[in-house]
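S.K.: You'll find my_file.cif just under this line, and it carries mmCIF, C-alpha atoms; chains and numbers go by the auth columns.
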data_model
#
loop_
_atom_site.group_PDB
_atom_site.id
_atom_site.type_symbol
_atom_site.label_atom_id
_atom_site.label_comp_id
_atom_site.label_asym_id
_atom_site.label_seq_id
_atom_site.Cartn_x
_atom_site.Cartn_y
_atom_site.Cartn_z
_atom_site.B_iso_or_equiv
_atom_site.auth_seq_id
_atom_site.auth_asym_id
ATOM 1 C CA MET A 1 3.756 18.131 18.979 0.00 1 U
ATOM 2 C CA ASN A 2 5.391 17.707 15.579 0.00 2 U
ATOM 3 C CA LYS A 3 3.062 18.688 12.756 0.00 3 U
ATOM 4 C CA LEU A 4 1.992 15.988 10.306 0.00 4 U
ATOM 5 C CA SER A 5 1.202 15.917 6.591 0.00 5 U
ATOM 6 C CA VAL A 6 -0.650 12.931 5.148 0.00 6 U
ATOM 7 C CA VAL A 7 0.124 12.601 1.441 0.00 7 U
ATOM 8 C CA ILE A 8 -1.912 10.653 -1.116 0.00 8 U
ATOM 9 C CA ILE A 9 -1.102 10.148 -4.799 0.00 9 U
ATOM 10 C CA THR A 10 -4.101 9.751 -7.091 0.00 10 U
ATOM 11 C CA LYS A 11 -5.387 9.184 -10.585 0.00 11 U
ATOM 12 C CA ASN A 12 -9.136 8.689 -11.061 0.00 12 U
ATOM 13 C CA GLU A 13 -9.803 7.689 -7.448 0.00 13 U
ATOM 14 C CA GLU A 14 -13.242 9.291 -6.950 0.00 14 U
ATOM 15 C CA LYS A 15 -14.533 5.959 -5.636 0.00 15 U
ATOM 16 C CA PHE A 16 -12.031 5.903 -2.766 0.00 16 U
ATOM 17 C CA ILE A 17 -10.780 9.433 -2.121 0.00 17 U
ATOM 18 C CA THR A 18 -13.521 10.606 0.248 0.00 18 U
ATOM 19 C CA ASP A 19 -12.911 7.911 2.857 0.00 19 U
ATOM 20 C CA ALA A 20 -9.132 8.159 2.439 0.00 20 U
ATOM 21 C CA VAL A 21 -9.061 11.911 3.110 0.00 21 U
ATOM 22 C CA ASN A 22 -11.611 11.676 5.911 0.00 22 U
ATOM 23 C CA SER A 23 -9.464 9.046 7.662 0.00 23 U
ATOM 24 C CA ALA A 24 -6.505 11.446 7.483 0.00 24 U
ATOM 25 C CA ILE A 25 -8.264 14.699 8.312 0.00 25 U
ATOM 26 C CA PHE A 26 -6.892 14.620 11.887 0.00 26 U
ATOM 27 C CA ALA A 27 -3.490 15.603 10.429 0.00 27 U
ATOM 28 C CA ASP A 28 -2.329 19.210 10.102 0.00 28 U
ATOM 29 C CA GLU A 29 -2.409 18.801 6.332 0.00 29 U
ATOM 30 C CA VAL A 30 -3.740 16.345 3.789 0.00 30 U
ATOM 31 C CA LEU A 31 -1.948 16.718 0.448 0.00 31 U
ATOM 32 C CA VAL A 32 -3.304 15.005 -2.657 0.00 32 U
ATOM 33 C CA LEU A 33 -0.859 14.824 -5.566 0.00 33 U
ATOM 34 C CA ASP A 34 -2.926 14.026 -8.617 0.00 34 U
ATOM 35 C CA SER A 35 -1.816 12.728 -11.995 0.00 35 U
ATOM 36 C CA GLU A 36 -4.255 13.877 -14.691 0.00 36 U
ATOM 37 C CA SER A 37 -7.477 12.518 -13.209 0.00 37 U
ATOM 38 C CA THR A 38 -10.442 12.793 -15.562 0.00 38 U
ATOM 39 C CA ASP A 39 -13.069 12.087 -12.908 0.00 39 U
ATOM 40 C CA LYS A 40 -14.077 14.064 -9.800 0.00 40 U
ATOM 41 C CA THR A 41 -11.123 13.046 -7.609 0.00 41 U
ATOM 42 C CA CYS A 42 -9.634 16.529 -7.299 0.00 42 U
ATOM 43 C CA ASN A 43 -12.933 18.330 -6.705 0.00 43 U
ATOM 44 C CA ILE A 44 -13.958 15.866 -4.031 0.00 44 U
ATOM 45 C CA ALA A 45 -10.592 16.086 -2.283 0.00 45 U
ATOM 46 C CA LYS A 46 -10.686 19.896 -2.236 0.00 46 U
ATOM 47 C CA GLU A 47 -14.265 19.999 -0.954 0.00 47 U
ATOM 48 C CA ILE A 48 -13.431 17.876 2.101 0.00 48 U
ATOM 49 C CA GLY A 49 -10.318 19.819 3.046 0.00 49 U
ATOM 50 C CA ALA A 50 -7.324 18.438 1.152 0.00 50 U
ATOM 51 C CA ARG A 51 -4.710 20.555 -0.624 0.00 51 U
ATOM 52 C CA VAL A 52 -4.481 19.349 -4.224 0.00 52 U
ATOM 53 C CA LYS A 53 -1.469 19.584 -6.522 0.00 53 U
ATOM 54 C CA GLN A 54 -0.894 18.250 -10.037 0.00 54 U
ATOM 55 C CA GLN A 55 2.092 16.279 -11.324 0.00 55 U
ATOM 56 C CA ASP A 56 2.600 14.256 -14.493 0.00 56 U
ATOM 57 C CA TRP A 57 3.155 10.606 -13.657 0.00 57 U
ATOM 58 C CA LEU A 58 6.762 9.896 -12.640 0.00 58 U
ATOM 59 C CA GLY A 59 6.492 6.273 -11.522 0.00 59 U
ATOM 60 C CA PHE A 60 5.361 5.027 -8.119 0.00 60 U
ATOM 61 C CA GLY A 61 8.491 5.751 -6.091 0.00 61 U
ATOM 62 C CA ALA A 62 9.264 9.092 -7.727 0.00 62 U
ATOM 63 C CA GLN A 63 5.637 10.237 -7.544 0.00 63 U
ATOM 64 C CA LYS A 64 5.471 9.544 -3.827 0.00 64 U
ATOM 65 C CA ASN A 65 8.792 11.308 -3.294 0.00 65 U
ATOM 66 C CA LYS A 66 7.368 14.340 -5.093 0.00 66 U
ATOM 67 C CA ALA A 67 4.296 14.296 -2.841 0.00 67 U
ATOM 68 C CA VAL A 68 6.509 14.088 0.245 0.00 68 U
ATOM 69 C CA GLU A 69 8.616 16.986 -1.079 0.00 69 U
ATOM 70 C CA LEU A 70 5.512 19.158 -1.601 0.00 70 U
ATOM 71 C CA ALA A 71 4.206 18.531 1.924 0.00 71 U
ATOM 72 C CA SER A 72 4.273 21.449 4.352 0.00 72 U
ATOM 73 C CA ASN A 73 5.675 19.406 7.242 0.00 73 U
ATOM 74 C CA ASP A 74 8.733 17.237 7.785 0.00 74 U
ATOM 75 C CA TRP A 75 6.743 14.419 9.377 0.00 75 U
ATOM 76 C CA VAL A 76 4.679 12.645 6.724 0.00 76 U
ATOM 77 C CA PHE A 77 2.354 9.671 6.501 0.00 77 U
ATOM 78 C CA VAL A 78 2.074 8.209 3.008 0.00 78 U
ATOM 79 C CA LEU A 79 -1.394 6.801 2.352 0.00 79 U
ATOM 80 C CA ASP A 80 -2.818 5.195 -0.777 0.00 80 U
ATOM 81 C CA ALA A 81 -6.307 6.160 -1.914 0.00 81 U
ATOM 82 C CA ASP A 82 -7.659 2.683 -1.140 0.00 82 U
ATOM 83 C CA GLU A 83 -6.227 2.702 2.387 0.00 83 U
ATOM 84 C CA ARG A 84 -7.724 4.022 5.622 0.00 84 U
ATOM 85 C CA ILE A 85 -6.128 5.199 8.878 0.00 85 U
ATOM 86 C CA THR A 86 -8.163 3.642 11.673 0.00 86 U
ATOM 87 C CA LEU A 87 -9.210 5.641 14.729 0.00 87 U
ATOM 88 C CA GLU A 88 -6.877 3.576 16.911 0.00 88 U
ATOM 89 C CA LEU A 89 -3.964 4.307 14.587 0.00 89 U
ATOM 90 C CA GLN A 90 -4.862 8.009 14.511 0.00 90 U
ATOM 91 C CA ASP A 91 -4.610 8.169 18.308 0.00 91 U
ATOM 92 C CA GLU A 92 -1.293 6.323 18.305 0.00 92 U
ATOM 93 C CA ILE A 93 0.174 8.611 15.629 0.00 93 U
ATOM 94 C CA ILE A 94 -0.863 11.726 17.565 0.00 94 U
ATOM 95 C CA PHE A 95 0.680 10.335 20.761 0.00 95 U
ATOM 96 C CA THR A 96 3.882 9.270 18.960 0.00 96 U
ATOM 97 C CA LEU A 97 4.460 12.641 17.323 0.00 97 U
ATOM 98 C CA LYS A 98 4.375 14.426 20.674 0.00 98 U
ATOM 99 C CA ASN A 99 7.848 13.044 21.281 0.00 99 U
ATOM 100 C CA PRO A 100 9.112 10.735 18.501 0.00 100 U
ATOM 101 C CA GLN A 101 11.773 8.288 19.650 0.00 101 U
ATOM 102 C CA PHE A 102 12.582 7.139 16.120 0.00 102 U
ATOM 103 C CA ASP A 103 12.889 8.667 12.641 0.00 103 U
ATOM 104 C CA GLY A 104 10.403 6.333 10.998 0.00 104 U
ATOM 105 C CA TYR A 105 7.672 3.869 11.899 0.00 105 U
ATOM 106 C CA ARG A 106 6.427 0.709 10.232 0.00 106 U
ATOM 107 C CA ILE A 107 2.657 0.388 10.044 0.00 107 U
ATOM 108 C CA ALA A 108 0.770 -2.905 9.803 0.00 108 U
ATOM 109 C CA ARG A 109 -1.867 -3.212 7.093 0.00 109 U
ATOM 110 C CA LEU A 110 -5.028 -5.324 7.237 0.00 110 U
ATOM 111 C CA ASN A 111 -6.018 -6.225 3.676 0.00 111 U
ATOM 112 C CA ASN A 112 -9.562 -6.770 2.418 0.00 112 U
ATOM 113 C CA PHE A 113 -9.910 -9.283 -0.419 0.00 113 U
ATOM 114 C CA PHE A 114 -13.317 -9.908 -2.010 0.00 114 U
ATOM 115 C CA GLY A 115 -15.199 -8.414 0.926 0.00 115 U
ATOM 116 C CA LYS A 116 -13.255 -10.153 3.724 0.00 116 U
ATOM 117 C CA TYR A 117 -10.375 -8.970 5.885 0.00 117 U
ATOM 118 C CA ILE A 118 -7.580 -11.529 5.568 0.00 118 U
ATOM 119 C CA LYS A 119 -5.105 -12.359 8.330 0.00 119 U
ATOM 120 C CA THR A 120 -3.754 -15.559 6.732 0.00 120 U
ATOM 121 C CA CYS A 121 -1.760 -16.223 3.515 0.00 121 U
ATOM 122 C CA GLY A 122 1.116 -14.170 4.912 0.00 122 U
ATOM 123 C CA LEU A 123 -0.905 -10.993 4.285 0.00 123 U
ATOM 124 C CA TYR A 124 -0.924 -9.733 7.867 0.00 124 U
ATOM 125 C CA PRO A 125 0.597 -7.742 9.491 0.00 125 U
ATOM 126 C CA ASP A 126 2.092 -6.645 6.121 0.00 126 U
ATOM 127 C CA TYR A 127 4.378 -4.001 7.659 0.00 127 U
ATOM 128 C CA SER A 128 5.815 -1.071 5.706 0.00 128 U
ATOM 129 C CA ILE A 129 7.317 2.292 6.669 0.00 129 U
ATOM 130 C CA ARG A 130 4.587 4.900 6.225 0.00 130 U
ATOM 131 C CA LEU A 131 5.186 7.434 9.012 0.00 131 U
ATOM 132 C CA PHE A 132 8.604 9.078 8.828 0.00 132 U
ATOM 133 C CA ASN A 133 10.646 12.250 8.976 0.00 133 U
ATOM 134 C CA ARG A 134 11.333 13.148 5.357 0.00 134 U
ATOM 135 C CA ASN A 135 14.808 14.378 6.273 0.00 135 U
ATOM 136 C CA LYS A 136 15.686 10.801 7.164 0.00 136 U
ATOM 137 C CA GLY A 137 13.925 8.773 4.487 0.00 137 U
ATOM 138 C CA LYS A 138 12.668 8.608 0.904 0.00 138 U
ATOM 139 C CA PHE A 139 11.153 6.097 -1.490 0.00 139 U
ATOM 140 C CA ASN A 140 13.381 4.063 -3.748 0.00 140 U
ATOM 141 C CA ASP A 141 12.871 4.661 -7.462 0.00 141 U
ATOM 142 C CA VAL A 142 11.559 1.320 -8.691 0.00 142 U
ATOM 143 C CA ALA A 143 8.801 0.444 -11.150 0.00 143 U
ATOM 144 C CA VAL A 144 6.674 -1.482 -8.640 0.00 144 U
ATOM 145 C CA HIS A 145 6.572 -2.352 -4.909 0.00 145 U
ATOM 146 C CA GLU A 146 8.347 0.850 -3.915 0.00 146 U
ATOM 147 C CA SER A 147 9.390 1.257 -0.279 0.00 147 U
ATOM 148 C CA VAL A 148 10.836 3.895 2.049 0.00 148 U
ATOM 149 C CA GLN A 149 14.593 3.704 2.574 0.00 149 U
ATOM 150 C CA MET A 150 15.677 5.200 5.896 0.00 150 U
ATOM 151 C CA SER A 151 18.978 6.703 6.967 0.00 151 U
ATOM 152 C CA GLY A 152 17.746 6.946 10.552 0.00 152 U
ATOM 153 C CA SER A 153 16.214 4.750 13.257 0.00 153 U
ATOM 154 C CA VAL A 154 13.002 2.774 12.691 0.00 154 U
ATOM 155 C CA SER A 155 10.409 1.180 14.968 0.00 155 U
ATOM 156 C CA ALA A 156 6.823 -0.035 14.558 0.00 156 U
ATOM 157 C CA LEU A 157 3.452 1.183 15.798 0.00 157 U
ATOM 158 C CA ASN A 158 0.970 -1.191 17.393 0.00 158 U
ATOM 159 C CA ASN A 159 -2.183 -0.387 15.444 0.00 159 U
ATOM 160 C CA HIS A 160 -2.912 -1.101 11.797 0.00 160 U
ATOM 161 C CA MET A 161 -4.442 0.705 8.865 0.00 161 U
ATOM 162 C CA THR A 162 -6.852 -1.028 6.485 0.00 162 U
ATOM 163 C CA HIS A 163 -6.515 -1.633 2.759 0.00 163 U
ATOM 164 C CA LEU A 164 -9.386 -2.270 0.351 0.00 164 U
ATOM 165 C CA ALA A 165 -7.195 -4.469 -1.823 0.00 165 U
ATOM 166 C CA TYR A 166 -9.501 -6.130 -4.377 0.00 166 U
ATOM 167 C CA GLU A 167 -13.266 -6.332 -4.752 0.00 167 U
ATOM 168 C CA THR A 168 -13.289 -8.964 -7.509 0.00 168 U
ATOM 169 C CA ILE A 169 -11.140 -11.831 -8.739 0.00 169 U
ATOM 170 C CA ASP A 170 -10.806 -10.215 -12.178 0.00 170 U
ATOM 171 C CA GLU A 171 -9.506 -7.012 -10.585 0.00 171 U
ATOM 172 C CA PHE A 172 -6.933 -9.005 -8.606 0.00 172 U
ATOM 173 C CA ARG A 173 -5.815 -10.961 -11.686 0.00 173 U
ATOM 174 C CA THR A 174 -5.495 -7.820 -13.808 0.00 174 U
ATOM 175 C CA LYS A 175 -3.395 -6.019 -11.188 0.00 175 U
ATOM 176 C CA GLN A 176 -1.102 -9.006 -10.650 0.00 176 U
ATOM 177 C CA LYS A 177 -0.554 -9.315 -14.408 0.00 177 U
ATOM 178 C CA LYS A 178 0.416 -5.636 -14.500 0.00 178 U
ATOM 179 C CA TYR A 179 2.851 -6.108 -11.618 0.00 179 U
ATOM 180 C CA ALA A 180 4.354 -9.157 -13.326 0.00 180 U
ATOM 181 C CA ASP A 181 4.924 -7.121 -16.487 0.00 181 U
ATOM 182 C CA LEU A 182 6.753 -4.496 -14.417 0.00 182 U
ATOM 183 C CA SER A 183 8.853 -7.078 -12.571 0.00 183 U
ATOM 184 C CA THR A 184 12.609 -7.134 -13.153 0.00 184 U
ATOM 185 C CA LYS A 185 12.766 -10.935 -12.848 0.00 185 U
ATOM 186 C CA LYS A 186 14.486 -12.643 -15.796 0.00 186 U
ATOM 187 C CA LYS A 187 12.739 -15.328 -17.804 0.00 187 U
ATOM 188 C CA ASN A 188 13.416 -18.698 -16.205 0.00 188 U
ATOM 189 C CA MET A 189 11.298 -21.680 -17.234 0.00 189 U
ATOM 190 C CA LEU A 190 12.564 -23.914 -14.413 0.00 190 U
ATOM 191 C CA LYS A 191 11.485 -21.379 -11.798 0.00 191 U
ATOM 192 C CA ALA A 192 8.242 -20.853 -13.746 0.00 192 U
ATOM 193 C CA LEU A 193 7.425 -24.515 -13.171 0.00 193 U
ATOM 194 C CA ILE A 194 8.592 -24.895 -9.564 0.00 194 U
ATOM 195 C CA SER A 195 8.032 -21.513 -7.886 0.00 195 U
ATOM 196 C CA PRO A 196 4.222 -21.312 -8.433 0.00 196 U
ATOM 197 C CA LEU A 197 3.737 -24.701 -6.766 0.00 197 U
ATOM 198 C CA TRP A 198 5.805 -23.602 -3.777 0.00 198 U
ATOM 199 C CA THR A 199 3.962 -20.271 -3.613 0.00 199 U
ATOM 200 C CA PHE A 200 0.562 -21.996 -3.479 0.00 200 U
ATOM 201 C CA PHE A 201 1.718 -24.555 -0.887 0.00 201 U
ATOM 202 C CA LYS A 202 3.282 -21.873 1.288 0.00 202 U
ATOM 203 C CA LEU A 203 0.298 -19.492 1.258 0.00 203 U
ATOM 204 C CA TYR A 204 -2.514 -22.021 1.439 0.00 204 U
ATOM 205 C CA PHE A 205 -1.021 -24.518 3.896 0.00 205 U
ATOM 206 C CA LEU A 206 1.990 -23.054 5.740 0.00 206 U
ATOM 207 C CA LYS A 207 0.465 -19.559 5.977 0.00 207 U
ATOM 208 C CA LEU A 208 -2.965 -21.039 6.845 0.00 208 U
ATOM 209 C CA GLY A 209 -4.871 -19.671 3.849 0.00 209 U
ATOM 210 C CA PHE A 210 -7.280 -22.612 4.116 0.00 210 U
ATOM 211 C CA LEU A 211 -8.698 -21.002 7.281 0.00 211 U
ATOM 212 C CA ASP A 212 -10.115 -18.170 5.154 0.00 212 U
ATOM 213 C CA GLY A 213 -12.262 -20.419 2.978 0.00 213 U
ATOM 214 C CA TRP A 214 -12.633 -19.767 -0.722 0.00 214 U
ATOM 215 C CA GLN A 215 -10.952 -16.363 -0.398 0.00 215 U
ATOM 216 C CA GLY A 216 -7.808 -18.026 0.954 0.00 216 U
ATOM 217 C CA PHE A 217 -7.798 -20.558 -1.888 0.00 217 U
ATOM 218 C CA ILE A 218 -8.208 -17.873 -4.573 0.00 218 U
ATOM 219 C CA ILE A 219 -5.509 -15.679 -3.030 0.00 219 U
ATOM 220 C CA ALA A 220 -3.008 -18.566 -2.944 0.00 220 U
ATOM 221 C CA LYS A 221 -3.916 -19.603 -6.491 0.00 221 U
ATOM 222 C CA LEU A 222 -3.594 -16.124 -7.983 0.00 222 U
ATOM 223 C CA TYR A 223 -0.308 -15.362 -6.226 0.00 223 U
ATOM 224 C CA ALA A 224 0.983 -18.649 -7.660 0.00 224 U
ATOM 225 C CA GLN A 225 -0.157 -17.507 -11.093 0.00 225 U
ATOM 226 C CA TYR A 226 1.602 -14.162 -10.549 0.00 226 U
ATOM 227 C CA THR A 227 4.813 -16.044 -9.754 0.00 227 U
ATOM 228 C CA PHE A 228 4.448 -17.957 -13.033 0.00 228 U
ATOM 229 C CA TRP A 229 3.921 -14.741 -14.993 0.00 229 U
ATOM 230 C CA LYS A 230 7.018 -13.128 -13.461 0.00 230 U
ATOM 231 C CA TYR A 231 9.293 -15.847 -14.836 0.00 231 U
ATOM 232 C CA THR A 232 7.665 -16.225 -18.275 0.00 232 U
ATOM 233 C CA LYS A 233 7.143 -12.632 -19.373 0.00 233 U
#
Any chance you could put this one into structure tokens?
M.R.:
Amino acid sequence: MNKLSVVIITKNEEKFITDAVNSAIFADEVLVLDSESTDKTCNIAKEIGARVKQQDWLGFGAQKNKAVELASNDWVFVLDADERITLELQDEIIFTLKNPQFDGYRIARLNNFFGKYIKTCGLYPDYSIRLFNRNKGKFNDVAVHESVQMSGSVSALNNHMTHLAYETIDEFRTKQKKYADLSTKKKNMLKALISPLWTFFKLYFLKLGFLDGWQGFIIAKLYAQYTFWKYTK
């Protein structure tokens, strides 16, 4: 079986790091690359079996590439501190790495908003490449919404991981405002007027957000607001 390193980048993640590392402890290595945490993140991670390294913040894509580079194994799974590898996904990863047929694998993500797992609003399966051979892939160097770019073959696994996205509406709004500020979209008042309306209609009606009650409504509304911010910043 090919050995696996799970890598996690952190800064002040003491609230989440225990469950993140524990969900990855099946791997041959769990590497936490920390960026100047002032809380107990590093101590907690070390106590439950992770290898901890320090690195000044480089930006999301570059920081994750550094974590992948520091890993002991060529096969890596990149996990965020607020994400969890489910038991079903653990079993599938172990089975896959016995004889990988591809160089990278997309993983579905089930997002939790305001205490509810959401499968509407276009938020599921939310695929991204997380399991890959580092000789065949690396993250692009962008300010936000970084992703793995592969030079080899890619498939998808069947099971999902979970993501504790946002506990409160204020937390969601603050994060979306930050992402909008980092966006490379140019100011465009016409799109600022039209795109938010389309975003809300698409998520709430076409993507069935209304089936998830008030959470679906808030998600559609705040993503519409994010679209407005992107074109007015």
S.K.: Would you give me, as JSON lines, each residue of segment 122-172 of chain U having an atom within 12 Å of an atom of segment 61-64 of chain U, along with its shortest atom pair and that distance in Å to one decimal, using only C-alpha atoms and sorting by chain and residue number?
M.R.:
{"residue": "U:Arg130", "atom": "CA", "partner": "U:Lys64", "partner_atom": "CA", "distance": 11.1}
{"residue": "U:Arg134", "atom": "CA", "partner": "U:Lys64", "partner_atom": "CA", "distance": 11.5}
{"residue": "U:Gly137", "atom": "CA", "partner": "U:Lys64", "partner_atom": "CA", "distance": 11.9}
{"residue": "U:Lys138", "atom": "CA", "partner": "U:Gly61", "partner_atom": "CA", "distance": 8.6}
{"residue": "U:Phe139", "atom": "CA", "partner": "U:Gly61", "partner_atom": "CA", "distance": 5.3}
{"residue": "U:Asn140", "atom": "CA", "partner": "U:Gly61", "partner_atom": "CA", "distance": 5.7}
{"residue": "U:Asp141", "atom": "CA", "partner": "U:Gly61", "partner_atom": "CA", "distance": 4.7}
{"residue": "U:Val142", "atom": "CA", "partner": "U:Gly61", "partner_atom": "CA", "distance": 6.0}
{"residue": "U:Ala143", "atom": "CA", "partner": "U:Gly61", "partner_atom": "CA", "distance": 7.3}
{"residue": "U:Val144", "atom": "CA", "partner": "U:Gly61", "partner_atom": "CA", "distance": 7.9}
{"residue": "U:His145", "atom": "CA", "partner": "U:Gly61", "partner_atom": "CA", "distance": 8.4}
{"residue": "U:Glu146", "atom": "CA", "partner": "U:Gly61", "partner_atom": "CA", "distance": 5.4}
{"residue": "U:Ser147", "atom": "CA", "partner": "U:Gly61", "partner_atom": "CA", "distance": 7.4}
{"residue": "U:Val148", "atom": "CA", "partner": "U:Gly61", "partner_atom": "CA", "distance": 8.7}
{"residue": "U:Gln149", "atom": "CA", "partner": "U:Gly61", "partner_atom": "CA", "distance": 10.8}
S.K.: List as JSON lines every residue of segment 41-95 of chain U that is in contact with segment 8-29 of chain U, defined as an atom at most 9 Å from one of its atoms (using all atoms listed in the file), together with the nearest atom pair and the distance in Å rounded to one decimal, sorted by chain and then rising number.
M.R.:
{"residue": "U:Thr41", "atom": "CA", "partner": "U:Glu14", "partner_atom": "CA", "distance": 4.4}
{"residue": "U:Cys42", "atom": "CA", "partner": "U:Glu14", "partner_atom": "CA", "distance": 8.1}
{"residue": "U:Ile44", "atom": "CA", "partner": "U:Thr18", "partner_atom": "CA", "distance": 6.8}
{"residue": "U:Ala45", "atom": "CA", "partner": "U:Ile17", "partner_atom": "CA", "distance": 6.7}
{"residue": "U:Ile48", "atom": "CA", "partner": "U:Val21", "partner_atom": "CA", "distance": 7.5}
{"residue": "U:Gly49", "atom": "CA", "partner": "U:Ile25", "partner_atom": "CA", "distance": 7.6}
{"residue": "U:Ala50", "atom": "CA", "partner": "U:Val21", "partner_atom": "CA", "distance": 7.0}
{"residue": "U:Arg51", "atom": "CA", "partner": "U:Glu29", "partner_atom": "CA", "distance": 7.5}
{"residue": "U:Phe60", "atom": "CA", "partner": "U:Ile9", "partner_atom": "CA", "distance": 8.9}
{"residue": "U:Gln63", "atom": "CA", "partner": "U:Ile9", "partner_atom": "CA", "distance": 7.3}
{"residue": "U:Lys64", "atom": "CA", "partner": "U:Ile9", "partner_atom": "CA", "distance": 6.7}
{"residue": "U:Ala67", "atom": "CA", "partner": "U:Ile9", "partner_atom": "CA", "distance": 7.1}
{"residue": "U:Ala71", "atom": "CA", "partner": "U:Glu29", "partner_atom": "CA", "distance": 8.0}
{"residue": "U:Ser72", "atom": "CA", "partner": "U:Glu29", "partner_atom": "CA", "distance": 7.5}
{"residue": "U:Asn73", "atom": "CA", "partner": "U:Glu29", "partner_atom": "CA", "distance": 8.2}
{"residue": "U:Phe77", "atom": "CA", "partner": "U:Ile8", "partner_atom": "CA", "distance": 8.8}
{"residue": "U:Val78", "atom": "CA", "partner": "U:Ile8", "partner_atom": "CA", "distance": 6.2}
{"residue": "U:Leu79", "atom": "CA", "partner": "U:Ile8", "partner_atom": "CA", "distance": 5.2}
{"residue": "U:Asp80", "atom": "CA", "partner": "U:Ile8", "partner_atom": "CA", "distance": 5.5}
{"residue": "U:Ala81", "atom": "CA", "partner": "U:Ile17", "partner_atom": "CA", "distance": 5.5}
{"residue": "U:Asp82", "atom": "CA", "partner": "U:Phe16", "partner_atom": "CA", "distance": 5.7}
{"residue": "U:Glu83", "atom": "CA", "partner": "U:Ala20", "partner_atom": "CA", "distance": 6.2}
{"residue": "U:Arg84", "atom": "CA", "partner": "U:Ala20", "partner_atom": "CA", "distance": 5.4}
{"residue": "U:Ile85", "atom": "CA", "partner": "U:Ser23", "partner_atom": "CA", "distance": 5.2}
{"residue": "U:Thr86", "atom": "CA", "partner": "U:Ser23", "partner_atom": "CA", "distance": 6.9}
{"residue": "U:Leu87", "atom": "CA", "partner": "U:Ser23", "partner_atom": "CA", "distance": 7.8}
{"residue": "U:Gln90", "atom": "CA", "partner": "U:Phe26", "partner_atom": "CA", "distance": 7.4}
{"residue": "U:Ile94", "atom": "CA", "partner": "U:Ala27", "partner_atom": "CA", "distance": 8.5}
S.K.: Name the residues in contact with Leu164 of chain U at a cut-off of 9 Å, using only C-alpha atoms, excluding same-chain residues fewer than 2 positions from it; report them as a ChimeraX atom specification.
M.R.: /U:82-84,110-115,117,162,166-167
S.K.: In Å, rounded to a single decimal, give me how far atom CA of Thr232 of chain U is from atom CA of Asn188 of chain U.
M.R.: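 Taking atom CA of Asn188 of chain U and atom CA of Thr232 of chain U, their separation equals 6.6 Å.
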S.K.: Find, counting all atoms listed in the file, the residue in U:Thr199, U:Ser183, U:Gln101, U:Asn133 that gets nearest to Leu4 of chain U.
M.R.: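 Answer, going by the shortest atom-to-atom distance: U:Asn133.
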S.K.: Counting all atoms listed in the file, which of U:Leu206, U:Cys121, U:Ile219, U:Met1 gets nearest to Thr168 of chain U?
M.R.: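 Looking at the shortest contact to Thr168 of chain U, the residue is U:Ile219.
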S.K.: Applied to the shown file, which residues does the PyMOL selection byres ((chain U and resi 96) around 12) return, written as a compact mmCIF listing (two decimals) with C-alpha atoms, in the frame of the given file?
M.R.:
# COMPACT_ATOMS: atom_id res chain seq x y z
CA MET U 1 3.76 18.13 18.98
CA ASN U 2 5.39 17.71 15.58
CA LYS U 3 3.06 18.69 12.76
CA LEU U 4 1.99 15.99 10.31
CA TRP U 75 6.74 14.42 9.38
CA LEU U 89 -3.96 4.31 14.59
CA GLN U 90 -4.86 8.01 14.51
CA ASP U 91 -4.61 8.17 18.31
CA GLU U 92 -1.29 6.32 18.30
CA ILE U 93 0.17 8.61 15.63
CA ILE U 94 -0.86 11.73 17.57
CA PHE U 95 0.68 10.34 20.76
CA LEU U 97 4.46 12.64 17.32
CA LYS U 98 4.38 14.43 20.67
CA ASN U 99 7.85 13.04 21.28
CA PRO U 100 9.11 10.74 18.50
CA GLN U 101 11.77 8.29 19.65
CA PHE U 102 12.58 7.14 16.12
CA ASP U 103 12.89 8.67 12.64
CA GLY U 104 10.40 6.33 11.00
CA TYR U 105 7.67 3.87 11.90
CA LEU U 131 5.19 7.43 9.01
CA PHE U 132 8.60 9.08 8.83
CA SER U 155 10.41 1.18 14.97
CA ALA U 156 6.82 -0.04 14.56
CA LEU U 157 3.45 1.18 15.80
CA ASN U 158 0.97 -1.19 17.39
CA ASN U 159 -2.18 -0.39 15.44
S.K.: With 5 Å added on each side, what axis-aligned box encloses every listed atom of segment 184-198 of chain U? Give the centre and edge lengths in Å to one decimal, as JSON.
M.R.:
{"center_x": 9.1, "center_y": -16.0, "center_z": -10.8, "size_x": 20.7, "size_y": 27.8, "size_z": 24.0}
S.K.: Please compute the atom CA of Thr227 of chain U-atom CA of Gln215 of chain U distance, one decimal, in Å.
M.R.: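 Between atom CA of Thr227 of chain U and atom CA of Gln215 of chain U the gap is 18.3 Å.
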S.K.: Mind pulling up the distance from atom CA of Asp56 of chain U to atom CA of Lys230 of chain U?
M.R.: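 Answer for the atom CA of Lys230 of chain U to atom CA of Asp56 of chain U separation: 27.8 Å.
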S.K.: Tell me which residues the PyMOL selection byres ((chain U and resi 123-129) around 6) grabs here, as a PDB file with C-alpha atoms, in the frame of the given file.
M.R.:
ATOM      1  CA  TYR U 105       7.672   3.869  11.899  1.00  0.00           C
ATOM      2  CA  ARG U 106       6.427   0.709  10.232  1.00  0.00           C
ATOM      3  CA  ILE U 107       2.657   0.388  10.044  1.00  0.00           C
ATOM      4  CA  ALA U 108       0.770  -2.905   9.803  1.00  0.00           C
ATOM      5  CA  ARG U 109      -1.867  -3.212   7.093  1.00  0.00           C
ATOM      6  CA  LYS U 119      -5.105 -12.359   8.330  1.00  0.00           C
ATOM      7  CA  THR U 120      -3.754 -15.559   6.732  1.00  0.00           C
ATOM      8  CA  CYS U 121      -1.760 -16.223   3.515  1.00  0.00           C
ATOM      9  CA  GLY U 122       1.116 -14.170   4.912  1.00  0.00           C
ATOM     10  CA  ARG U 130       4.587   4.900   6.225  1.00  0.00           C
TER      11      ARG U 130
END
S.K.: For each of U:Lys46, U:Lys207, U:Lys221, U:Lys186, take the minimum atom-to-atom distance to Leu31 of chain U, counting only C-alpha atoms, then give the residue where this is smallest.
M.R.: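 Comparing U:Lys46, U:Lys207, U:Lys221, U:Lys186 against Leu31 of chain U, the winner is U:Lys46.
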